[in-house]
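Just entry.txt here, compact mmCIF, C-alpha atoms:
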# COMPACT_ATOMS: atom_id res chain seq x y z
CA MET H 293 110.98 93.20 111.05
CA ARG H 294 110.09 96.83 111.70
CA CYS H 295 106.97 98.05 109.90
CA ASP H 296 104.18 100.57 110.20
CA ARG H 297 101.17 98.32 109.99
CA VAL H 298 100.33 94.61 109.81
CA TRP H 299 97.13 92.97 108.61
CA SER H 300 96.91 89.52 110.16
CA LYS H 301 94.47 86.60 110.14
CA ALA H 302 93.55 87.40 106.56
CA ARG H 303 92.90 85.41 103.44
CA LEU H 304 94.90 86.82 100.56
CA ALA H 305 94.32 86.96 96.84
CA THR H 306 97.81 88.04 95.85
CA PHE H 307 97.57 87.85 92.03
CA ALA H 308 101.35 87.45 92.10
CA ALA H 309 102.79 87.15 88.63
CA ASP H 310 104.45 83.81 89.34
CA ARG H 311 101.23 82.16 90.56
CA SER H 312 98.33 80.72 88.64
CA GLY H 313 94.81 81.93 89.33
CA ILE H 314 94.40 84.46 92.11
CA GLY H 315 97.30 83.25 94.23
CA ALA H 316 95.11 82.42 97.22
CA ILE H 317 96.62 82.16 100.71
CA GLU H 318 94.20 80.99 103.41
CA ASP H 319 96.09 82.19 106.51
CA GLY H 320 97.96 85.24 105.34
CA VAL H 321 99.66 88.40 106.53
CA VAL H 322 100.41 91.72 104.85
CA ALA H 323 102.91 94.15 106.35
CA ALA H 324 103.68 97.69 105.20
CA ARG H 325 106.43 100.20 105.81
CA GLY H 326 106.68 103.62 104.20
CA GLY H 327 103.60 102.95 102.10
CA ARG H 328 105.00 99.79 100.52
CA ILE H 329 104.52 96.09 101.12
CA VAL H 330 107.38 94.49 103.02
CA TYR H 331 105.69 91.11 103.42
CA ALA H 332 102.67 89.43 101.85
CA GLY H 333 102.38 85.70 102.36
CA PRO H 334 101.54 82.83 104.69
CA ALA H 335 101.48 83.57 108.39
CA ALA H 336 103.59 80.45 108.95
CA ASP H 337 106.47 81.97 106.94
CA ALA H 338 106.18 85.51 108.27
CA PRO H 339 109.02 87.06 110.28
CA ALA H 340 108.44 88.56 113.70
CA PHE H 341 107.04 92.07 113.25
CA GLU H 342 107.59 95.20 115.31
CA ALA H 343 104.57 97.15 114.10
CA ARG H 344 103.00 100.43 115.10
CA GLU H 345 99.59 98.84 114.53
CA THR H 346 98.33 95.31 113.95
CA ILE H 347 94.89 94.78 112.46
CA ASP H 348 93.04 91.49 112.96
CA CYS H 349 91.17 90.87 109.70
CA ALA H 350 89.05 88.08 111.21
CA ASP H 351 89.46 85.88 108.13
CA ARG H 352 88.35 88.59 105.71
CA TRP H 353 89.76 88.53 102.18
CA ILE H 354 92.38 91.03 101.05
CA THR H 355 92.93 91.80 97.38
CA PRO H 356 95.08 94.46 95.77
CA GLY H 357 93.25 97.76 95.56
CA LEU H 358 91.10 97.80 92.44
CA ILE H 359 92.29 99.56 89.29
CA ASP H 360 90.15 101.08 86.54
CA PRO H 361 92.37 101.24 83.42
CA HIS H 362 89.98 103.06 81.05
CA THR H 363 87.81 105.99 82.10
CA HIS H 364 86.70 109.37 80.77
CA LEU H 365 85.85 110.75 84.23
CA VAL H 366 86.51 114.41 83.41
CA PHE H 367 83.80 116.02 81.29
CA GLY H 368 81.09 118.64 81.37
CA GLY H 369 77.34 118.06 81.13
CA ASP H 370 75.64 114.73 80.48
CA ARG H 371 73.96 112.92 77.60
CA ALA H 372 70.78 111.55 79.14
CA HIS H 373 68.79 112.93 76.20
CA GLU H 374 70.85 110.83 73.80
CA PHE H 375 70.03 107.80 75.92
CA GLU H 376 66.37 108.53 75.26
CA LEU H 377 67.08 108.81 71.54
CA ARG H 378 68.80 105.43 71.53
CA LEU H 379 65.86 103.90 73.35
CA ALA H 380 63.70 105.26 70.51
CA GLY H 381 65.88 103.52 67.95
CA ALA H 382 68.67 105.93 67.01
CA SER H 383 72.15 104.41 66.69
CA TYR H 384 75.34 105.71 68.27
CA GLU H 385 76.66 106.63 64.83
CA GLU H 386 73.44 108.43 63.82
CA ILE H 387 73.52 110.52 66.98
CA ALA H 388 77.20 111.36 66.47
CA ARG H 389 76.72 112.37 62.84
CA ALA H 390 73.79 114.62 63.83
CA GLY H 391 76.00 116.68 66.14
CA GLY H 392 75.51 114.69 69.30
CA GLY H 393 77.93 112.27 70.86
CA ILE H 394 81.41 113.41 71.74
CA VAL H 395 80.96 116.85 70.18
CA SER H 396 78.00 117.66 72.45
CA THR H 397 80.13 116.83 75.49
CA MET H 398 82.92 118.93 73.97
CA LYS H 399 80.71 122.03 74.09
CA ALA H 400 79.90 121.52 77.78
CA THR H 401 83.52 120.75 78.62
CA ARG H 402 84.82 123.83 76.87
CA ALA H 403 82.32 125.97 78.79
CA ALA H 404 83.45 124.56 82.15
CA SER H 405 86.35 125.82 84.24
CA ARG H 406 88.96 123.45 85.62
CA ALA H 407 87.31 123.76 89.03
CA ASP H 408 83.95 122.93 87.46
CA LEU H 409 85.40 119.80 85.85
CA VAL H 410 86.97 118.66 89.12
CA ALA H 411 83.70 119.19 91.00
CA ALA H 412 81.72 117.28 88.38
CA ALA H 413 84.19 114.37 88.33
CA LEU H 414 84.40 113.91 92.10
CA PRO H 415 81.06 112.09 92.59
CA ARG H 416 82.01 109.66 89.82
CA LEU H 417 85.43 109.09 91.34
CA ASP H 418 83.95 108.72 94.83
CA ALA H 419 81.63 105.96 93.61
CA LEU H 420 84.62 104.02 92.32
CA ILE H 421 86.63 104.63 95.49
CA ALA H 422 83.74 103.36 97.62
CA GLU H 423 84.18 99.95 95.97
CA GLY H 424 87.88 99.65 96.73
CA LEU H 425 89.49 101.54 93.84
CA THR H 426 92.99 102.83 94.54
CA THR H 427 94.27 103.61 91.00
CA VAL H 428 92.40 105.08 88.05
CA GLU H 429 93.27 106.03 84.49
CA ILE H 430 91.58 109.21 83.23
CA LYS H 431 91.53 110.30 79.59
CA SER H 432 91.07 113.75 78.14
CA GLY H 433 89.35 114.00 74.77
CA TYR H 434 86.35 116.25 75.37
CA GLY H 435 88.17 119.57 74.95
CA LEU H 436 89.46 119.02 71.40
CA SER H 437 91.45 122.28 71.46
CA LEU H 438 94.88 122.87 72.92
CA ASP H 439 93.71 124.95 75.88
CA ASP H 440 90.71 122.75 76.68
CA GLU H 441 92.67 119.49 76.45
CA LEU H 442 95.29 120.93 78.81
CA LYS H 443 92.52 122.10 81.13
CA SER H 444 91.00 118.62 81.19
CA LEU H 445 94.32 116.93 81.94
CA ARG H 446 95.05 119.40 84.73
CA ALA H 447 91.62 118.68 86.20
CA ALA H 448 92.34 114.95 86.09
CA ARG H 449 95.66 115.45 87.86
CA ALA H 450 93.97 117.69 90.44
CA LEU H 451 91.66 114.85 91.50
CA ALA H 452 94.67 113.16 93.10
CA ASP H 453 95.17 116.23 95.26
CA VAL H 454 91.72 115.98 96.84
CA ARG H 455 91.29 112.20 97.11
CA ASP H 456 93.51 109.37 98.35
CA VAL H 457 93.88 107.74 94.95
CA SER H 458 96.56 107.34 92.30
CA VAL H 459 95.70 108.90 88.94
CA THR H 460 97.29 108.16 85.59
CA THR H 461 96.33 110.44 82.74
CA THR H 462 96.01 109.75 79.02
CA PHE H 463 95.89 112.40 76.29
CA LEU H 464 93.06 111.59 73.88
CA GLY H 465 93.10 114.59 71.60
CA ALA H 466 92.30 112.35 68.62
CA HIS H 467 88.90 111.46 70.03
CA ALA H 468 86.61 113.26 67.58
CA LEU H 469 86.74 116.02 65.01
CA PRO H 470 85.83 119.42 66.49
CA PRO H 471 83.43 121.63 64.49
CA GLU H 472 86.12 124.15 63.57
CA PHE H 473 87.90 121.41 61.62
CA ALA H 474 84.78 120.07 59.87
CA GLY H 475 85.86 118.44 56.61
CA ASP H 476 89.55 118.71 57.53
CA PRO H 477 90.49 115.75 59.74
CA ASP H 478 94.11 115.83 58.57
CA GLY H 479 94.35 119.46 59.60
CA TYR H 480 93.13 118.56 63.08
CA VAL H 481 95.57 115.67 63.30
CA ASP H 482 98.29 118.18 62.41
CA LEU H 483 97.22 120.23 65.43
CA VAL H 484 97.23 117.14 67.67
CA CYS H 485 100.69 116.07 66.53
CA ARG H 486 102.45 119.41 66.16
CA GLU H 487 100.99 121.45 69.01
CA MET H 488 98.97 119.40 71.46
CA ILE H 489 101.28 116.44 72.07
CA PRO H 490 104.40 118.64 72.44
CA ALA H 491 102.56 120.91 74.91
CA VAL H 492 101.18 117.97 76.92
CA ALA H 493 104.62 116.37 77.05
CA ALA H 494 106.37 119.61 78.01
CA GLU H 495 104.03 120.08 80.97
CA GLY H 496 104.20 116.41 81.98
CA LEU H 497 100.42 116.14 81.95
CA ALA H 498 100.00 112.72 80.36
CA ASP H 499 101.33 109.23 81.00
CA ALA H 500 100.17 107.93 77.60
CA VAL H 501 98.50 108.94 74.34
CA ASP H 502 95.29 107.39 72.99
CA ALA H 503 93.21 107.73 69.81
CA PHE H 504 89.80 106.64 68.50
CA CYS H 505 90.53 104.60 65.37
CA GLU H 506 87.09 104.14 63.82
CA GLY H 507 84.90 105.14 60.90
CA ILE H 508 83.42 107.97 62.97
CA GLY H 509 86.83 108.71 64.48
CA PHE H 510 90.23 108.64 62.78
CA THR H 511 91.71 106.46 60.08
CA PRO H 512 94.62 104.09 60.68
CA ALA H 513 96.89 106.46 58.73
CA GLN H 514 95.89 109.38 60.94
CA THR H 515 96.26 107.24 64.04
CA ARG H 516 99.75 106.24 62.94
CA ARG H 517 100.72 109.91 62.80
CA VAL H 518 99.45 110.41 66.35
CA PHE H 519 101.44 107.41 67.55
CA GLU H 520 104.59 108.61 65.83
CA ALA H 521 104.27 112.00 67.52
CA ALA H 522 103.67 110.33 70.87
CA HIS H 523 106.76 108.18 70.55
CA ALA H 524 108.81 111.20 69.45
CA HIS H 525 107.96 112.77 72.81
CA GLY H 526 108.59 109.64 74.85
CA LEU H 527 104.96 108.77 75.53
CA PRO H 528 103.54 105.21 75.29
CA VAL H 529 100.33 104.66 73.38
CA LYS H 530 96.91 103.04 73.80
CA LEU H 531 94.04 102.73 71.33
CA HIS H 532 90.27 102.60 71.09
CA ALA H 533 90.19 99.83 68.48
CA GLU H 534 87.72 97.60 66.68
CA GLN H 535 84.66 98.78 68.60
CA LEU H 536 82.28 99.35 65.69
CA SER H 537 84.26 97.88 62.78
CA ASN H 538 87.59 96.25 62.01
CA LEU H 539 90.12 98.81 60.80
CA ASN H 540 93.07 96.70 62.01
CA GLY H 541 93.69 99.22 64.74
CA ALA H 542 94.78 96.61 67.26
CA ALA H 543 97.54 95.41 64.96
CA LEU H 544 98.62 99.01 64.44
CA ALA H 545 98.69 99.56 68.19
CA ALA H 546 100.73 96.41 68.66
CA GLU H 547 103.19 97.63 66.03
CA PHE H 548 103.90 100.59 68.32
CA GLY H 549 104.15 98.39 71.43
CA ALA H 550 100.91 99.81 72.80
CA LEU H 551 100.11 99.31 76.45
CA SER H 552 96.58 98.31 75.48
CA ALA H 553 93.97 98.09 72.77
CA ASP H 554 90.47 98.67 74.10
CA HIS H 555 86.91 97.58 73.17
CA LEU H 556 87.82 94.96 70.48
CA GLU H 557 84.40 93.60 69.58
CA HIS H 558 85.45 93.36 65.91
CA LEU H 559 89.01 92.15 66.56
CA ASP H 560 90.24 89.50 64.12
CA ALA H 561 92.83 86.72 64.32
CA ALA H 562 95.61 88.87 62.87
CA GLY H 563 95.01 91.54 65.49
CA ILE H 564 95.03 88.96 68.27
CA ALA H 565 98.32 87.51 67.03
CA ALA H 566 99.88 90.97 66.85
CA MET H 567 98.74 91.84 70.37
CA ALA H 568 100.04 88.55 71.75
CA LYS H 569 103.44 89.12 70.16
CA ALA H 570 103.70 92.70 71.42
CA GLY H 571 102.36 92.02 74.91
CA THR H 572 99.55 94.53 74.37
CA VAL H 573 96.73 94.15 76.90
CA ALA H 574 93.14 93.73 75.75
CA VAL H 575 91.00 96.12 77.82
CA LEU H 576 87.41 94.93 77.64
CA LEU H 577 84.52 97.28 78.32
CA PRO H 578 81.33 95.36 79.06
CA GLY H 579 79.53 98.48 80.28
CA ALA H 580 79.72 100.06 76.83
CA PHE H 581 78.75 96.75 75.20
CA TYR H 582 75.68 96.60 77.42
CA PHE H 583 74.72 100.27 77.23
CA VAL H 584 74.77 100.56 73.44
CA ARG H 585 73.17 97.11 73.12
CA GLU H 586 75.99 95.60 71.07
CA THR H 587 75.48 92.09 69.78
CA ARG H 588 78.98 91.20 68.60
CA LEU H 589 81.03 89.82 71.46
CA PRO H 590 84.78 90.42 71.75
CA PRO H 591 86.70 87.21 70.91
CA ILE H 592 87.35 86.16 74.49
CA GLU H 593 88.19 82.52 73.77
CA ALA H 594 90.65 83.47 71.03
CA LEU H 595 92.30 86.07 73.27
CA ARG H 596 92.51 83.50 76.04
CA ALA H 597 94.01 80.87 73.75
CA ALA H 598 96.61 83.32 72.44
CA GLY H 599 97.66 84.32 75.95
CA VAL H 600 96.69 87.97 75.51
CA PRO H 601 96.27 89.56 78.96
CA MET H 602 92.69 90.76 79.53
CA ALA H 603 91.84 93.73 81.71
CA LEU H 604 88.42 95.16 82.56
CA ALA H 605 87.35 98.78 82.90
CA THR H 606 84.21 100.82 83.41
CA ASP H 607 84.84 103.10 80.39
CA CYS H 608 83.00 105.67 82.52
CA ASN H 609 81.83 108.29 80.03
CA PRO H 610 78.68 110.35 79.43
CA GLY H 611 77.58 108.80 76.16
CA THR H 612 78.14 105.06 75.99
CA SER H 613 79.02 103.85 79.50
CA PRO H 614 77.90 106.04 82.42
CA LEU H 615 79.17 103.33 84.75
CA THR H 616 81.01 103.92 88.03
CA SER H 617 81.19 100.38 89.46
CA LEU H 618 84.04 97.94 88.90
CA LEU H 619 82.06 95.32 90.80
CA LEU H 620 79.22 95.54 88.29
CA THR H 621 81.78 95.64 85.47
CA MET H 622 83.10 92.26 86.62
CA ASN H 623 79.61 90.80 86.78
CA MET H 624 78.89 92.04 83.26
CA ALA H 625 82.16 90.55 81.99
CA ALA H 626 81.26 87.19 83.50
CA THR H 627 77.65 87.11 82.33
CA LEU H 628 77.96 88.82 78.94
CA PHE H 629 81.49 87.82 77.91
CA ARG H 630 81.74 84.48 79.79
CA MET H 631 84.96 85.43 81.51
CA THR H 632 85.90 83.34 84.54
CA VAL H 633 85.90 84.64 88.10
CA ASP H 634 89.70 84.56 88.19
CA GLU H 635 89.91 86.44 84.87
CA CYS H 636 87.50 89.10 86.10
CA LEU H 637 89.36 89.64 89.35
CA ALA H 638 92.74 89.73 87.64
CA GLY H 639 91.22 92.10 85.11
CA VAL H 640 90.68 94.83 87.70
CA THR H 641 93.97 94.23 89.55
CA ARG H 642 97.05 92.69 87.92
CA GLU H 643 96.03 93.04 84.26
CA ALA H 644 94.57 96.49 84.80
CA ALA H 645 97.93 97.56 86.22
CA ARG H 646 99.64 96.06 83.18
CA ALA H 647 97.29 97.98 80.87
CA ILE H 648 98.35 101.34 82.28
CA GLY H 649 102.04 100.51 82.53
CA ARG H 650 102.04 100.35 86.33
CA LEU H 651 102.50 96.65 87.02
CA GLU H 652 105.88 97.27 88.62
CA SER H 653 104.23 99.26 91.41
CA VAL H 654 100.59 98.18 91.84
CA GLY H 655 98.14 95.42 90.98
CA THR H 656 99.46 92.52 93.07
CA LEU H 657 100.30 91.82 96.70
CA GLU H 658 104.08 91.55 96.41
CA VAL H 659 107.05 92.93 98.29
CA GLY H 660 108.11 96.35 97.08
CA LYS H 661 104.77 97.35 95.60
CA ALA H 662 102.50 100.07 96.94
CA CYS H 663 100.45 98.84 99.88
CA ASP H 664 97.13 99.44 98.14
CA LEU H 665 94.58 97.01 99.55
CA ALA H 666 90.89 96.25 99.50
CA VAL H 667 89.59 94.29 102.50
CA TRP H 668 86.33 92.46 101.85
CA ASP H 669 83.53 90.97 103.97
CA ILE H 670 83.16 87.87 101.80
CA GLU H 671 83.51 84.12 102.16
CA ARG H 672 85.01 83.57 98.72
CA PRO H 673 86.36 85.86 95.98
CA ALA H 674 83.61 84.77 93.57
CA GLU H 675 81.20 86.93 95.58
CA LEU H 676 82.86 90.04 94.14
CA VAL H 677 81.81 88.94 90.66
CA TYR H 678 78.55 87.22 91.54
CA ARG H 679 76.64 89.98 93.31
CA MET H 680 74.95 92.96 91.61
CA GLY H 681 74.32 96.23 93.43
CA PHE H 682 75.99 95.00 96.61
CA ASN H 683 79.24 96.38 98.00
CA PRO H 684 81.04 94.15 100.55
CA LEU H 685 84.05 96.45 101.01
CA HIS H 686 85.19 96.49 104.65
CA ALA H 687 88.22 98.77 104.33
CA ARG H 688 90.33 100.46 101.67
CA VAL H 689 94.06 101.00 102.14
CA TRP H 690 96.07 103.41 99.99
CA LYS H 691 99.85 103.56 100.32
CA GLY H 692 99.71 101.75 103.64
CA GLU H 693 97.18 104.09 105.24
CA ILE H 694 93.56 103.19 105.97
CA ALA H 695 91.62 105.55 103.73

Before we go any further, please render this structure as structure tokens.
Amino acid sequence: MRCDRVWSKARLATFAADRSGIGAIEDGVVAARGGRIVYAGPAADAPAFEARETIDCADRWITPGLIDPHTHLVFGGDRAHEFELRLAGASYEEIARAGGGIVSTMKATRAASRADLVAAALPRLDALIAEGLTTVEIKSGYGLSLDDELKSLRAARALADVRDVSVTTTFLGAHALPPEFAGDPDGYVDLVCREMIPAVAAEGLADAVDAFCEGIGFTPAQTRRVFEAAHAHGLPVKLHAEQLSNLNGAALAAEFGALSADHLEHLDAAGIAAMAKAGTVAVLLPGAFYFVRETRLPPIEALRAAGVPMALATDCNPGTSPLTSLLLTMNMAATLFRMTVDECLAGVTREAARAIGRLESVGTLEVGKACDLAVWDIERPAELVYRMGFNPLHARVWKGEIA
């Protein structure tokens, strides 16, 4: 078999959809041609390769490149002062209602140029890449005007031009109410539905549409309007749901066949059943849970029992999860949420790909998928979840090339 590159003498965690657990192969081989996997499996079953380069992995582990399916990487400024306020006892909702929170980041984002936003996002993206990330989802939502939301999405797309990484973008215009629409949330939702979504779709700037369905965000009725507009323009939907209260947002998302519902600390049985039926992924965000000192855990056991796929993400954002480590995210999910090692690892590979609608092309080591790999200096995959503040990445491969 002709190919560009072969990784031999490797231990593979394939996460193949037809396998249970991580799909471990002790003596494995991965071969790539044209940026895609042409073989991933046992060395004993591998064909003879004619490769431009063969890399001896010396029994290192190979996983799919890591995927972060929920980030807000593009924004201006920071909110370290609000962190101090929370340490002094202020709640997230109190800070938001006093003019802080998302609206404070909006002001800094509006003042920044697209180049400024790209420059500010790059260190955050580089931290993720350094731990084996090859695909990242980036939301808008800090511009909250047509021009500034478009600027943010263009900045997110531009990150893929300056780094070897795949970027999917999500339009989150319904993130918060901007000051110019104070007291008129329906008027702002009109703007989102009638002007923003059509403009985003026309320019091809978003792969999905999201909303913040919450007491300090938007009502289920307003969220429904956003989803209807998204579907009218051929865009799939996602939802920030049940983070601070239960507004039945997850069930609403499932009704629209949402790719994912995210956060979910207050998710109930009806929402779980709806997600299971629709195939909507639960994206869990332990960084935000930790950072805002939440006490109500997402219903992991009920999600597990219902067969709802569970993904993990950093939720990297300036206010509630300034986290740029998927390795630490997995450790938090295991220690705080009691997720298993296999669930954590699948959550940043296969299920993360599912959550952004990219499972057909990334997230597992299977023939035909992008050859996005992370090669690790570890003895067992559990080390990726077990350690804190330690990065055992040996090599990162993006589209068949060593990055």

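Atom pair CA of Thr363 (chain H) / CA of Val322 (chain H): separated by 29.7 Å.
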
Give me the residues of region 471-526 of chain H that have any atom at most 9 Å from an atom of region 547-568 of chain H; for each, the nearest atom pair and the distance in Å, rounded to one decimal. Use all atoms listed in the file, sort by chain and number, and format it as a Markdown table.
| residue | atom | partner | partner_atom | distance |
| --- | --- | --- | --- | --- |
| H:Ala500 | CA | H:Leu551 | CA | 8.7 |
| H:Arg516 | CA | H:Phe548 | CA | 8.8 |
| H:Phe519 | CA | H:Phe548 | CA | 7.3 |
| H:Glu520 | CA | H:Phe548 | CA | 8.4 |
| H:His523 | CA | H:Phe548 | CA | 8.4 |

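When all atoms listed in the file are used to compute distances to Ala390 (chain H), the closest of the residues H:Thr355, H:Leu676, H:Phe629, H:Pro471 turns out to be H:Pro471.
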
For Ser437 (chain H): contacts at 12 Å, all atoms listed in the file, fewer than 3 positions along chain excluded, given as a PyMOL selection string: chain H and resi 395+398-399+401-402+432-434+440-444+463-473+480-481+483-484+487-489+491-492

Closest of H:Thr306, H:Ser300, H:Thr515, H:Asn623 to Ala350 (chain H) - atom-to-atom distances counting only C-alpha atoms: H:Ser300

Nearest residue to Ile329 (chain H) out of H:Tyr582, H:Trp668, H:Trp690, H:Phe504, using only C-alpha atoms?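 Residue with the minimum atom-to-atom distance to Ile329 (chain H): H:Trp690.
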
What's around region 603-608 of chain H at 8 Å? Count only C-alpha atoms, leave out sequence neighbours fewer than 5 positions away in its own chain, and write the answer as an NGL selection string. :H and (360-365 or 573-580 or 613-618 or 621-622 or 625 or 636 or 638-640 or 643-644 or 647)

Written selection (C-alpha atoms) as a short mmCIF file (atom, residue, chain, number, x, y, z; two decimals), in the coordinates of the input:
data_model
loop_
_atom_site.label_atom_id
_atom_site.label_comp_id
_atom_site.auth_asym_id
_atom_site.auth_seq_id
_atom_site.Cartn_x
_atom_site.Cartn_y
_atom_site.Cartn_z
CA ASP H 360 90.15 101.08 86.54
CA PRO H 361 92.37 101.24 83.42
CA HIS H 362 89.98 103.06 81.05
CA THR H 363 87.81 105.99 82.10
CA HIS H 364 86.70 109.37 80.77
CA LEU H 365 85.85 110.75 84.23
CA VAL H 573 96.73 94.15 76.90
CA ALA H 574 93.14 93.73 75.75
CA VAL H 575 91.00 96.12 77.82
CA LEU H 576 87.41 94.93 77.64
CA LEU H 577 84.52 97.28 78.32
CA PRO H 578 81.33 95.36 79.06
CA GLY H 579 79.53 98.48 80.28
CA ALA H 580 79.72 100.06 76.83
CA SER H 613 79.02 103.85 79.50
CA PRO H 614 77.90 106.04 82.42
CA LEU H 615 79.17 103.33 84.75
CA THR H 616 81.01 103.92 88.03
CA SER H 617 81.19 100.38 89.46
CA LEU H 618 84.04 97.94 88.90
CA THR H 621 81.78 95.64 85.47
CA MET H 622 83.10 92.26 86.62
CA ALA H 625 82.16 90.55 81.99
CA CYS H 636 87.50 89.10 86.10
CA ALA H 638 92.74 89.73 87.64
CA GLY H 639 91.22 92.10 85.11
CA VAL H 640 90.68 94.83 87.70
CA GLU H 643 96.03 93.04 84.26
CA ALA H 644 94.57 96.49 84.80
CA ALA H 647 97.29 97.98 80.87
#

Shortest contact to Val457 (chain H), candidates H:Ala474, H:Ala338, H:Ala305, H:Leu414, atoms counted all atoms listed in the file, goes to H:Leu414

I'd like to know which of H:Val366, H:Pro610, H:Leu420, H:Glu385 is closest to Glu506 (chain H), using all atoms listed in the file.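 Closest residue, counting all atoms listed in the file: H:Glu385.
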
For each of H:Leu544, H:Pro590, H:Phe581, H:Ala626, take the minimum atom-to-atom distance to Tyr384 (chain H), counting all atoms listed in the file, then give the residue where this is smallest.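 Among the listed residues, the smallest separation from Tyr384 (chain H) belongs to H:Phe581.
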
Interatomic distance between CA of Ala388 (chain H) and CA of Ala521 (chain H)? 27.1 Å

For CA of Val600 (chain H) and CA of Gly571 (chain H), the interatomic separation in Å (one decimal):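 Value for the CA of Val600 (chain H)-CA of Gly571 (chain H) distance: 7.0 Å.
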
Can you pull out every residue within 10 Å of Ala674 (chain H), counting only C-alpha atoms, but drop anything in the same chain fewer than 4 positions away, and send it as a PyMOL selection string? chain H and resi 623+632-634+636-637+670+678-679

So which residues fall inside 10 Å of (104.8, 91.6, 95.9) if we count all atoms listed in the file? Mind giving them as a list in words?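 These residues have at least one counted atom within 10 Å: Thr306, Phe307, Ala308, Ala309, Val322, Arg328, Ile329, Val330, Tyr331, Ala332, Gly333, Glu652, Ser653, Val654, Gly655, Thr656, Leu657, Glu658, Val659, Gly660, Lys661, Ala662 and Cys663 of chain H.
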
Could N, CA, C and O atoms be built for region 314-325 of chain H and written out as a PDB file, keeping the file's coordinate frame?
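Listed below is the output, rebuild_29.pdb:
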ATOM      1  N   ILE H 314      94.346  83.246  91.312  1.00  0.00           N
ATOM      2  CA  ILE H 314      94.400  84.460  92.110  1.00  0.00           C
ATOM      3  C   ILE H 314      95.518  84.438  93.148  1.00  0.00           C
ATOM      4  O   ILE H 314      95.737  85.423  93.837  1.00  0.00           O
ATOM      5  N   GLY H 315      96.229  83.331  93.242  1.00  0.00           N
ATOM      6  CA  GLY H 315      97.300  83.250  94.230  1.00  0.00           C
ATOM      7  C   GLY H 315      96.766  83.267  95.648  1.00  0.00           C
ATOM      8  O   GLY H 315      97.217  84.045  96.492  1.00  0.00           O
ATOM      9  N   ALA H 316      95.795  82.397  95.931  1.00  0.00           N
ATOM     10  CA  ALA H 316      95.110  82.420  97.220  1.00  0.00           C
ATOM     11  C   ALA H 316      96.002  81.894  98.348  1.00  0.00           C
ATOM     12  O   ALA H 316      96.712  80.901  98.189  1.00  0.00           O
ATOM     13  N   ILE H 317      95.951  82.579  99.484  1.00  0.00           N
ATOM     14  CA  ILE H 317      96.620  82.160 100.710  1.00  0.00           C
ATOM     15  C   ILE H 317      95.584  82.209 101.822  1.00  0.00           C
ATOM     16  O   ILE H 317      95.032  83.270 102.124  1.00  0.00           O
ATOM     17  N   GLU H 318      95.298  81.079 102.443  1.00  0.00           N
ATOM     18  CA  GLU H 318      94.200  80.990 103.410  1.00  0.00           C
ATOM     19  C   GLU H 318      94.503  81.678 104.737  1.00  0.00           C
ATOM     20  O   GLU H 318      93.627  82.312 105.318  1.00  0.00           O
ATOM     21  N   ASP H 319      95.708  81.550 105.243  1.00  0.00           N
ATOM     22  CA  ASP H 319      96.090  82.190 106.510  1.00  0.00           C
ATOM     23  C   ASP H 319      97.256  83.109 106.205  1.00  0.00           C
ATOM     24  O   ASP H 319      98.415  82.702 106.255  1.00  0.00           O
ATOM     25  N   GLY H 320      96.933  84.341 105.846  1.00  0.00           N
ATOM     26  CA  GLY H 320      97.960  85.240 105.340  1.00  0.00           C
ATOM     27  C   GLY H 320      98.168  86.485 106.174  1.00  0.00           C
ATOM     28  O   GLY H 320      97.369  86.826 107.051  1.00  0.00           O
ATOM     29  N   VAL H 321      99.267  87.169 105.849  1.00  0.00           N
ATOM     30  CA  VAL H 321      99.660  88.400 106.530  1.00  0.00           C
ATOM     31  C   VAL H 321     100.174  89.374 105.480  1.00  0.00           C
ATOM     32  O   VAL H 321     100.880  88.980 104.533  1.00  0.00           O
ATOM     33  N   VAL H 322      99.825  90.638 105.656  1.00  0.00           N
ATOM     34  CA  VAL H 322     100.410  91.720 104.850  1.00  0.00           C
ATOM     35  C   VAL H 322     101.014  92.719 105.819  1.00  0.00           C
ATOM     36  O   VAL H 322     100.382  93.102 106.813  1.00  0.00           O
ATOM     37  N   ALA H 323     102.237  93.144 105.532  1.00  0.00           N
ATOM     38  CA  ALA H 323     102.910  94.150 106.350  1.00  0.00           C
ATOM     39  C   ALA H 323     103.387  95.279 105.462  1.00  0.00           C
ATOM     40  O   ALA H 323     103.830  95.053 104.322  1.00  0.00           O
ATOM     41  N   ALA H 324     103.302  96.515 105.986  1.00  0.00           N
ATOM     42  CA  ALA H 324     103.680  97.690 105.200  1.00  0.00           C
ATOM     43  C   ALA H 324     104.634  98.579 105.973  1.00  0.00           C
ATOM     44  O   ALA H 324     104.539  98.710 107.209  1.00  0.00           O
ATOM     45  N   ARG H 325     105.546  99.184 105.253  1.00  0.00           N
ATOM     46  CA  ARG H 325     106.430 100.200 105.810  1.00  0.00           C
ATOM     47  C   ARG H 325     106.650 101.271 104.746  1.00  0.00           C
ATOM     48  O   ARG H 325     106.938 100.955 103.598  1.00  0.00           O
TER      49      ARG H 325
END
